[in-house]
Amino acid sequence: MVVGFWFLASSLCVPKAKNQKPKAQKRTKMALKKVAANSAFKQTKGMTGGADKKIFKALSKAKLGKKKIAQEVLWFFAALLIAFVTGFLVFYLIGEYLTESFTEYIKMFDSATKFYFWIFLFCFIGVYITRLIVWAIKTIAVKE
């Protein structure tokens with residue numbers, strides 16, 4: 001008797017066409033997706049705990065703000081660009097004038113790409129060290 005009732009109940013819930021779903025079922029799935037998205041957003045917001053607001057509040061207390069962050073982001077990309085060009089120039093000069101050393105370096109790093117990557121990395125660090133030195137000099141000169 002239970003099996004017969006289950007069969008009858010399941011046959012009533014089956015859609016009429018194979019690819020066609022009842023409107024109530026579509027709405028339910030959309031609602032479930034929306035609920036899942038909202039709960040995921042709330043979980044993420046809960047995990048961060050409004051960290052962005054805390055960071056900007058701390059920076060505003062330290063007399064830093066969105067402009068300073070934007071300036072640092074621009075400096076980062078400018079340093080990448082300068083390091084790319086400078087690294088290529090150093091790579092070319094080593095290859096042009098120090099041919100024997102160049103081939104040894106390429107053998108040591110297993111490829112020219114890895115060798116260029118290390119040159120690029122040193123140039124990037126050099127740009128940031130230079131920037132820090134300029135900042136230190138400006139800070140000392142302004143305070144006195």
# chains A, B, ... in the order shown; residues from 1 in each chain; ligands from 1
call {"tool": "residues_around", "arguments": {"residues": "stretch 120-136 of chain A", "least_positions_apart": "6", "cutoff": "12 Å", "atoms": "only C-alpha atoms", "output": "list in words"}}
result
Glu72, Trp75, Phe76, Phe77, Ala78, Ala79, Leu80, Leu81, Ile82, Ala83, Phe84, Val85, Thr86, Gly87, Phe88, Leu89, Val90, Phe91, Thr113, Lys114, Val142 and Lys143 of chain A
